[in-house]
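Step one of this worksheet: look at the structure below.
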Amino acid sequence: MAEDTWKAYKGKKYFKPSPLKGLRVLEVCTLLFGPLGPAILGQLGAEVIKCEIPPLGDVTRSLLPVWKEQSPGLLHLNPNKYWIGLDLHKPEAQQVFHELAAKSDIIEDNLRPGVMESWSVGYQQIKEINPGIIYISKNGFGQWGQYAEENRPSNDGAAQALSGYAWMSSFPDQPPLKSRLFICDDYGALMGEVTVLAALHYRERTGKGQYIELSQSENIMRTMSWVWPYQQVTGKGAMPAGNRDVSICPADTFRSIDDTFVAIAAPAPEEFKGLCTAMGRPELADDPRFKDHLTRLKEENATEILKIIADWVRTKKPQELEALAEEYGFAASRVCNVKDVVHDEHFRERGFMTEIDDPVYGEFIDHEFPVMMSRTPPRRKWTARPVGFDNEYVLRHILGKSDGEMKQLYECGALGKWNDMQGRRPPPDWDGKAGLIMAR
Amino acid sequence: MAEKKQSDWAKESDHPGIAHTRPEALDDITVLDMSYKSFAGCYCSSLLAEFGAEVVRIEPPKGDFIRTCTPYGMLHKGEGLNYLTEGRNKFHITLDMEKTEALEVFKGFAAQADVLIETYRPGVMDDWGVGYEQLKEINPRLIFASITPFGQFGPRSKSKQPDYDNIIQARSGIQYDTGEVMPEGRTYDECPWAIPTKAGPWIGWCQSGTFMAVGILAALHWRQITGEGQALDVATAEAYACFDDYAHLWYQLDGHINERCGSLDPVLWLYCFAPTKDGGVFLGGLRLEMWQAFADMLGKWDEWGAGDWTTMAPFGEMGEQLKWGPLVFEETRKYTNEELVTMSIEYAKKGRLAPITPVVAPVCSPEETMKDANWLDRGIFTPVADPVYGELIAAQAQHKMTETPIRTKWVCRPVGYDNEHIYLKYMGFGPSKLKAMKEQGIV
């Protein structure tokens with residue numbers, strides 16, 4: 001039974017292996033789209049080495065708000081990594097990168113096209129050293145095409161705009177609405193790991209590595225499903241519909257008696273019947289306008305049934321609606337805020353909201369990797385580090401560099417650490433030792 | 001010989017037009033997708049099918065309810081438009097799991113499969129005698145992937161609630177703080193659009209399916225090393241919630257609950273949508289130099305004192321954003337989208353801070369997106385010539401690879417379309433046996 005499979009999952013996580021144990025990943029990434037990919041691999045057990053250009057490093061370090069002088073975004077997006085400050089403009093640093101690349105399985109970057117090549121660390125250069133390397137470049141527009149050729153910069157918000165995603169996520173007759181999430185960054189990064197792991201499977205079969213490129217905008221377009229064939233088949237533009245799901249009826253967000261919001265969905269026959277019964281209107285389930293899903297989805301009928309539900313919800317409290325959904329087998333959830341999520345007992349019990357005890361940034365609750373794996377549980381262990389924090393460990397442990405060799409690298413500027421600036425330096429309460437691996 | 005320019009080399013090596021000449025990464029893998037009422041399941045198996053996995057979709061004889069989830073109830077050649085886009089490369093068979101004989105047949109498939117994707121309420125597969133603990137006896141290498149609203153364990157895992165995308169978006173905490181701000185002195189009745197607003201696309205479902213694909217591939221790697229299969233568990237609200245990158249930490253910092261801020265950003269500047277003469281653009285300049293470049297590009301270097309700015313830190317505060325927003329928008333309204341985009345490209349060449357330039361991107365309707373020559377060139381909207389449904393545009397080739405690129409061979413199949421082939425291939429059932437099974441209502 002499922003209970004047996006998942007018994008004590010949370011408590012036994014560290015008594016089991018990690019699925020990607022033994023793989024090494026190098027990243028030259030900044031902001032979100034880049035770093036999230038290696039973070040996924042890191043939570044699955046790969047050893048991730050994050051290279052930043054010292055002394056400033058990842059741009060996320062500057063973003064608000066501030067947690068112990070650090071950006072929470074950096075803390076969330078970069079678990080389980082080792083941090084080196086490597087100025088890839090310098091030939092000596094490029095040499096270090098080549099040495100690391102020779103011992104790595106995967107390289108990820110999210111710079112504009114051509115930058116890695118200009119530093120002699122592009123795919124075509126690295127594959128000469130390590131033909132089995134899987135190398136992924138992520139950015140706004142990919143490696144070729146008009147926008148890439150124009151060398152346009154990009155952000156998540158640009159991808160939300162260009163893809164039509166924002167346009168489809170607003171209310172009719174209102175301006176397009178930007179998601180508060182960095183959804184194109186995060187979703188694109190996630191999709192990137194599908195490609196990396198598929199490439200890994202292929203490499204295990206054939207020994208061959210490969211090059212992968214992806215764009216923020218293209219990946220989010222893939223999630224827009226019906227929009228494209230609809231436009232092709234009807235010759236009309238797809239229209240936004242606010243919170244109403246035009247493919248599922250009923251499915252919308254409604255205002256409750258206390259002016260908070262509740263999402264409800266009940267499209268399948270037994271679910272719709274359950275909802276009608278819960279509303280005290282069982283006859284609606286047999287109404288010719290609502291009798292089957294395809295009929296109910298038609299504009300005039302959908303408008304009608306959603307109005308009926310809206311009027312009913314206006315008389316109910318959110319918790320009443322959730323209880324009725326449980327009883328009658330339809331779906332309802334209040335529109336939760338971040339406080340609800342952090343304190344959600346179910347998420348805590350499952351270990352999805354998990355406790356981090358980090359030597360540098362302290363204790364907090366963060367999201368565990370959201371795929372639970374019975375034999376090889378993913379896990380979030382530690383968080384971000386100041387620029388160049390793990391230089392000594394990585395260079396000695398992986399490359400066997402002596403103190404003298406490292407000194408030379410520091411002197412020529414190939415290797416570097418943080419400067420005395422918020423987000424770069426260690427937090428104010430750091431004791432000069434906590435979290436350091438090689439020498440304290 | 002000189003190395004080829006990166007863009008030329010990449011285009012030559014990974015153009016979707018040559019995908020069919022390349023090998024497939026997962027063509028040694030068989031996947032059973034018996035997801036029901038779940039686009040997350042369909043999406044997950046699509047991602048594997050694009051890489052060449054042999055995906056067998058097992059539906060009840062009447063077909064999966066998800067096929068009826070289509071905009072405005074519209075069908076194209078008898079098929080719902082969402083399902084049409086994510087039936088790609090899959091074989092479709094029917095099997096009535098309520099029948100005892102069907103369960104034996106199912107075990108036969110499970111014995112030969114590498115991956116099984118299911119979305120039934122926890123306990124349903126167990127009750128049928130085909131839960132993970134039971135199937136691993138038949139096939140210890142099996143990767144058993146479950147996608148459900150609350151997951152396989154935890155206090156609410158026994159919930160009877162079904163899983164729909166709009167519910168995921170509400171439960172994950174993401175919908176709450178996306179949306180327009182209520183204009184001062186107005187009410188919900190006057191402005192019904194100034195409320196928590198979900199994303200239009202089925203992002204909660206897609207993301208859950210994509211996470212599961214990552215889990216499955218990691219589990220395949222582990223199996224490659226050890227021979228061991230395992231069970232995987234995705235709770236859809238968790239899969240979407242984990243992209244809330246910092247709001248949960250901000251809350252823990254000082255109790256701050258993030259609220260809606262329209263198309264600004266709660267903490268970032270320059271990072272917003274701005275109105276223009278003919279629509280709107282996204283503006284991005286998170287680094288000081290990019291924000292300065294933006295001011296310069298609009299001819300406001302001196303007036304705004306851009307040369308004196310030393311840090312971005314103050315600009316992210318909402319009060320500052322509400323001060324700077326109107327100043328910026330007054331300027332952007334003077335130009336068309338195209339003019340602003342061109343100004344940013346030109347600034348990168350000739351501006352005072354060149355090559356630094358702000359991000360400027362037009363806010364497109366999907367109609368405009370689908371006509372954009374850049375995306376057409378990159379093969380996203382290349383129609384698939386489907387044997388059943390004809391020429392159809394379903395977004396594809398969303399990433400590019402040199403050795404094992406994804407491809408879409410067909411978009412979809414009607415219910416039970418592949419019964420003959422698949423039952424013969426996996427179970428050795430010829431036409432007469434299949435006919436008998438159909439008569440008994442098993443297939």
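Ligands are numbered from 1 in the order shown, residues from 1 within each chain, and chains are lettered A, B, ... in the order they appear in the structure tokens.
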
Legend entry - Close residues, Ala237 of chain B itself excluded, 7 Å, only C-alpha atoms, min 3 positions apart in chain, as a VMD selection string: chain B and resid 149 168 171 to 172 240 to 241

Inset, instruction - DSSP on the backbone, then: every residue of segment 50-287 of chain A marked alpha helix (DSSP H), written as a ChimeraX atom specification. - result: /A:72-77,91-102,115-118,123-129,146-149,156-162,183-206,216-222,227-234,269-278

Legend entry - For atom CA of Arg380 of chain A and atom CA of Ile174 of chain B, the interatomic separation in Å (one decimal):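 Distance between the two atoms: 21.5 Å.
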
Legend entry - Residues of segment 4-100 of chain B in strand (DSSP E or B), written as number ranges by chain: B: 30-33, 54-59, 75-76, 79-80, 91-94

Using only C-alpha atoms, which residues sit within 9 Å of Val121 of chain A once same-chain residues fewer than 6 positions away are excluded, as a CSV table (one decimal) with N, CA and C atoms, in the first residue's frame?
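Saved to out.csv:
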chain,number,residue,atom,x,y,z
A,88,LEU,N,36.8,34.8,-15.4
A,88,LEU,CA,37.0,34.1,-16.7
A,88,LEU,C,37.6,35.0,-17.8
A,94,GLN,N,40.7,30.8,-17.1
A,94,GLN,CA,40.2,29.9,-18.1
A,94,GLN,C,40.9,28.5,-18.0
A,97,PHE,N,39.3,26.7,-15.3
A,97,PHE,CA,38.0,26.2,-15.7
A,97,PHE,C,38.1,25.0,-16.6
A,98,HIS,N,39.1,25.0,-17.5
A,98,HIS,CA,39.4,23.8,-18.4
A,98,HIS,C,39.7,22.6,-17.5
A,101,ALA,N,36.5,21.5,-16.0
A,101,ALA,CA,35.6,20.9,-17.1
A,101,ALA,C,36.0,19.5,-17.5
A,115,VAL,N,29.6,34.9,-25.4
A,115,VAL,CA,30.4,35.3,-24.3
A,115,VAL,C,31.3,34.2,-23.8

Inset, instruction - To one decimal in Å, tell me the separation between atom CA of Thr223 of chain A and atom CA of Gly209 of chain B. - result: 10.7 Å

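Excluding Gln440 of chain B and any residue on its chain fewer than 3 positions from it, the residues at most 12 Å away by only C-alpha atoms are Pro61, Leu95, Asp96, Lys99, Thr100, Glu101, Ala102, Lys433, Leu434, Lys435, Ala436, Met437 and Val443 of chain B.
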
Next, write the just-selected residues to a file, as a compact mmCIF listing (two decimals), in the first residue's frame, keeping N, CA and C atoms as the atom set.
# COMPACT_ATOMS: atom_id res chain seq x y z
N PRO B 61 -12.50 2.90 -21.69
CA PRO B 61 -13.08 2.78 -23.04
C PRO B 61 -13.77 4.05 -23.56
N LEU B 95 -8.60 0.44 -21.83
CA LEU B 95 -8.65 -0.70 -20.91
C LEU B 95 -9.53 -0.28 -19.73
N ASP B 96 -10.52 -1.11 -19.43
CA ASP B 96 -11.43 -0.77 -18.34
C ASP B 96 -10.92 -1.35 -17.03
N LYS B 99 -12.66 -3.77 -14.53
CA LYS B 99 -12.90 -5.19 -14.81
C LYS B 99 -11.70 -6.04 -14.36
N THR B 100 -11.99 -7.13 -13.68
CA THR B 100 -10.93 -8.00 -13.15
C THR B 100 -9.96 -8.46 -14.24
N GLU B 101 -10.51 -8.86 -15.39
CA GLU B 101 -9.65 -9.37 -16.47
C GLU B 101 -8.69 -8.27 -16.93
N ALA B 102 -9.17 -7.05 -16.91
CA ALA B 102 -8.34 -5.93 -17.36
C ALA B 102 -7.11 -5.78 -16.47
N LYS B 433 -8.92 -12.26 -30.50
CA LYS B 433 -8.86 -12.08 -29.04
C LYS B 433 -9.31 -10.64 -28.69
N LEU B 434 -8.84 -9.69 -29.47
CA LEU B 434 -9.17 -8.29 -29.20
C LEU B 434 -10.67 -8.06 -29.36
N LYS B 435 -11.23 -8.69 -30.37
CA LYS B 435 -12.67 -8.56 -30.62
C LYS B 435 -13.45 -9.08 -29.41
N ALA B 436 -13.01 -10.23 -28.92
CA ALA B 436 -13.69 -10.81 -27.76
C ALA B 436 -13.57 -9.89 -26.56
N MET B 437 -12.41 -9.32 -26.37
CA MET B 437 -12.23 -8.42 -25.23
C MET B 437 -13.08 -7.17 -25.36
N VAL B 443 -11.79 -3.85 -23.27
CA VAL B 443 -10.99 -2.90 -24.06
C VAL B 443 -11.90 -1.82 -24.62

Neighbouring residues of Lys158 of chain B were defined as those with any atom within 9 Å, considering only C-alpha atoms; residues of the same chain fewer than 5 positions away were excluded. Please report them as an mmCIF file with N, CA and C atoms, in the first residue's frame.
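So out_28.cif came out as:
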data_model
loop_
_atom_site.group_PDB
_atom_site.id
_atom_site.type_symbol
_atom_site.label_atom_id
_atom_site.label_comp_id
_atom_site.auth_asym_id
_atom_site.auth_seq_id
_atom_site.Cartn_x
_atom_site.Cartn_y
_atom_site.Cartn_z
ATOM 1 N N ARG B 121 -6.495 9.048 -7.141
ATOM 2 C CA ARG B 121 -6.441 9.349 -5.720
ATOM 3 C C ARG B 121 -5.608 8.262 -5.023
ATOM 4 N N PRO B 122 -4.758 8.629 -4.046
ATOM 5 C CA PRO B 122 -3.952 7.607 -3.370
ATOM 6 C C PRO B 122 -4.851 6.485 -2.844
ATOM 7 N N GLY B 123 -4.443 5.260 -3.094
ATOM 8 C CA GLY B 123 -5.243 4.120 -2.650
ATOM 9 C C GLY B 123 -5.990 3.440 -3.785
ATOM 10 N N PHE B 150 -2.512 16.316 -3.339
ATOM 11 C CA PHE B 150 -1.895 16.406 -2.012
ATOM 12 C C PHE B 150 -0.753 15.413 -1.804
ATOM 13 N N GLY B 151 -0.454 14.610 -2.806
ATOM 14 C CA GLY B 151 0.626 13.635 -2.646
ATOM 15 C C GLY B 151 0.148 12.335 -2.021
ATOM 16 N N GLN B 152 1.080 11.398 -1.872
ATOM 17 C CA GLN B 152 0.753 10.041 -1.424
ATOM 18 C C GLN B 152 0.711 9.915 0.090
ATOM 19 N N PHE B 153 1.247 10.886 0.799
ATOM 20 C CA PHE B 153 1.240 10.795 2.268
ATOM 21 C C PHE B 153 1.094 12.191 2.854
#

Legend entry - Who sits within 10 Å of Arg407 of chain B, only C-alpha atoms, same chain under 5 positions skipped, as a list in words: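 So the residues in contact are Pro16, Gly17, Ile18, Ala19, His20, Arg22, Glu24, Ala49, Glu50, Phe51, Gly52, Arg88, Asn89, Val384, Gln396, Ala397, Gln398 and Lys400 of chain B.
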
Pick out the residues sitting within 12 Å of Ser365 of chain B, and hand them over as a short mmCIF file (atom, residue, chain, number, x, y, z; two decimals) with N, CA and C atoms, in the first residue's frame; count only C-alpha atoms, and ignore anything fewer than 2 positions along from it in its own chain.
data_model
loop_
_atom_site.label_atom_id
_atom_site.label_comp_id
_atom_site.auth_asym_id
_atom_site.auth_seq_id
_atom_site.Cartn_x
_atom_site.Cartn_y
_atom_site.Cartn_z
N GLN A 160 7.69 36.90 -20.54
CA GLN A 160 6.25 36.95 -20.27
C GLN A 160 5.54 37.82 -21.31
N ALA A 161 6.22 38.88 -21.72
CA ALA A 161 5.63 39.82 -22.69
C ALA A 161 5.64 39.23 -24.10
N LEU A 162 6.78 38.76 -24.55
CA LEU A 162 6.94 38.32 -25.94
C LEU A 162 6.16 37.05 -26.26
N SER A 163 5.99 36.19 -25.28
CA SER A 163 5.36 34.89 -25.53
C SER A 163 3.84 34.98 -25.62
N GLY A 164 3.27 36.10 -25.13
CA GLY A 164 1.82 36.18 -25.03
C GLY A 164 1.29 35.64 -23.70
N TYR A 165 2.20 35.16 -22.85
CA TYR A 165 1.79 34.58 -21.56
C TYR A 165 1.11 35.62 -20.68
N ALA A 166 1.70 36.81 -20.59
CA ALA A 166 1.11 37.87 -19.75
C ALA A 166 -0.23 38.31 -20.33
N TRP A 167 -0.26 38.38 -21.64
CA TRP A 167 -1.49 38.83 -22.32
C TRP A 167 -2.65 37.89 -22.00
N MET A 168 -2.32 36.57 -21.90
CA MET A 168 -3.36 35.57 -21.62
C MET A 168 -3.68 35.45 -20.14
N SER A 169 -2.98 36.22 -19.31
CA SER A 169 -3.14 36.06 -17.86
C SER A 169 -3.78 37.28 -17.21
N SER A 170 -4.61 37.98 -17.98
CA SER A 170 -5.24 39.19 -17.44
C SER A 170 -6.75 39.08 -17.59
N PRO A 175 -5.24 45.84 -19.21
CA PRO A 175 -3.91 45.64 -19.80
C PRO A 175 -3.33 44.28 -19.40
N PRO A 176 -2.46 43.73 -20.23
CA PRO A 176 -1.80 42.47 -19.88
C PRO A 176 -1.13 42.58 -18.52
N LEU A 177 -1.11 41.47 -17.80
CA LEU A 177 -0.65 41.48 -16.41
C LEU A 177 0.59 40.61 -16.26
N MET A 221 5.97 29.22 -24.00
CA MET A 221 4.98 29.05 -25.08
C MET A 221 4.43 27.63 -25.10
N VAL A 227 -3.92 27.58 -27.07
CA VAL A 227 -3.86 28.90 -27.69
C VAL A 227 -3.43 28.82 -29.16
N TRP A 228 -2.42 28.01 -29.44
CA TRP A 228 -1.85 28.00 -30.80
C TRP A 228 -2.76 27.31 -31.81
N GLN A 231 -5.83 29.48 -32.50
CA GLN A 231 -5.62 30.62 -33.42
C GLN A 231 -5.49 30.13 -34.86
N LYS A 236 -8.74 33.38 -35.34
CA LYS A 236 -8.96 34.48 -34.38
C LYS A 236 -7.88 34.44 -33.30
N GLY A 237 -7.66 35.59 -32.69
CA GLY A 237 -6.71 35.64 -31.58
C GLY A 237 -7.34 35.05 -30.32
N ALA A 238 -6.53 34.35 -29.51
CA ALA A 238 -7.03 33.84 -28.24
C ALA A 238 -7.23 35.01 -27.28
N MET A 239 -8.27 34.93 -26.45
CA MET A 239 -8.62 36.03 -25.56
C MET A 239 -8.43 35.64 -24.10
N PRO A 240 -7.94 36.59 -23.29
CA PRO A 240 -7.81 36.30 -21.86
C PRO A 240 -9.18 36.27 -21.19
N GLY B 279 0.45 50.33 -27.30
CA GLY B 279 0.33 49.09 -26.51
C GLY B 279 1.13 49.19 -25.25
N GLY B 280 2.07 48.28 -25.09
CA GLY B 280 2.89 48.29 -23.88
C GLY B 280 4.17 47.52 -24.09
N VAL B 281 5.15 47.83 -23.25
CA VAL B 281 6.42 47.10 -23.31
C VAL B 281 6.81 46.67 -21.90
N PRO B 362 8.24 44.15 -26.45
CA PRO B 362 6.83 44.45 -26.61
C PRO B 362 5.96 43.42 -25.90
N VAL B 363 4.88 43.89 -25.29
CA VAL B 363 3.91 42.96 -24.70
C VAL B 363 3.00 42.49 -25.83
N GLU B 367 -1.50 36.21 -30.69
CA GLU B 367 -1.67 36.31 -32.15
C GLU B 367 -0.40 36.92 -32.77
N GLU B 368 0.10 37.97 -32.11
CA GLU B 368 1.35 38.59 -32.59
C GLU B 368 2.52 37.63 -32.42
N THR B 369 2.54 36.93 -31.29
CA THR B 369 3.63 35.99 -31.03
C THR B 369 3.70 34.94 -32.14
N MET B 370 2.54 34.45 -32.53
CA MET B 370 2.52 33.36 -33.51
C MET B 370 2.94 33.82 -34.90
N LYS B 371 2.96 35.15 -35.10
CA LYS B 371 3.39 35.67 -36.41
C LYS B 371 4.82 36.18 -36.38
N ASP B 372 5.43 36.17 -35.20
CA ASP B 372 6.77 36.73 -35.04
C ASP B 372 7.80 35.89 -35.80
#

Inset, instruction - One decimal, Å: what's the distance from atom CA of Thr382 of chain B over to atom CA of Ala10 of chain B, could you say? - result: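 Atom CA of Thr382 of chain B sits 19.0 Å away from atom CA of Ala10 of chain B.
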
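Shortest separation to chain B among A:Gly435, A:Pro55, A:Gly132, A:Pro267 occurs at residue A:Pro267, atoms counted being only C-alpha atoms.
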
Inset, instruction - Rank B:Pro275, B:Gly108, B:Gly129, B:Gly154 by their smallest atom-to-atom distance to Glu349 of chain A, using only C-alpha atoms, and report the top residue only. - result: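 Smallest separation from Glu349 of chain A among the options: B:Gly154.
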
Residues of segment 8-79 of chain A within 10 Å of segment 153-157 of chain A: nearest atom pair and distance (Å, one decimal) for each, counting only C-alpha atoms, sorted by chain and number, as a tab-separated table?
residue	atom	partner	partner_atom	distance
A:Leu31	CA	A:Asn155	CA	9.3
A:Leu32	CA	A:Asp156	CA	8.7
A:Phe33	CA	A:Asp156	CA	8.0

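Nearest to chain A of all the residues B:Lys107, B:Lys409, B:Lys350, B:Lys198 is B:Lys198, counting only C-alpha atoms.
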
Inset, instruction - Rank B:Phe109, B:Phe243, B:Asp265, B:Gln230 by their smallest atom-to-atom distance to Leu424 of chain B, using only C-alpha atoms, and report the top residue only. - result: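 Using only C-alpha atoms, Leu424 of chain B sits closest to B:Phe109.
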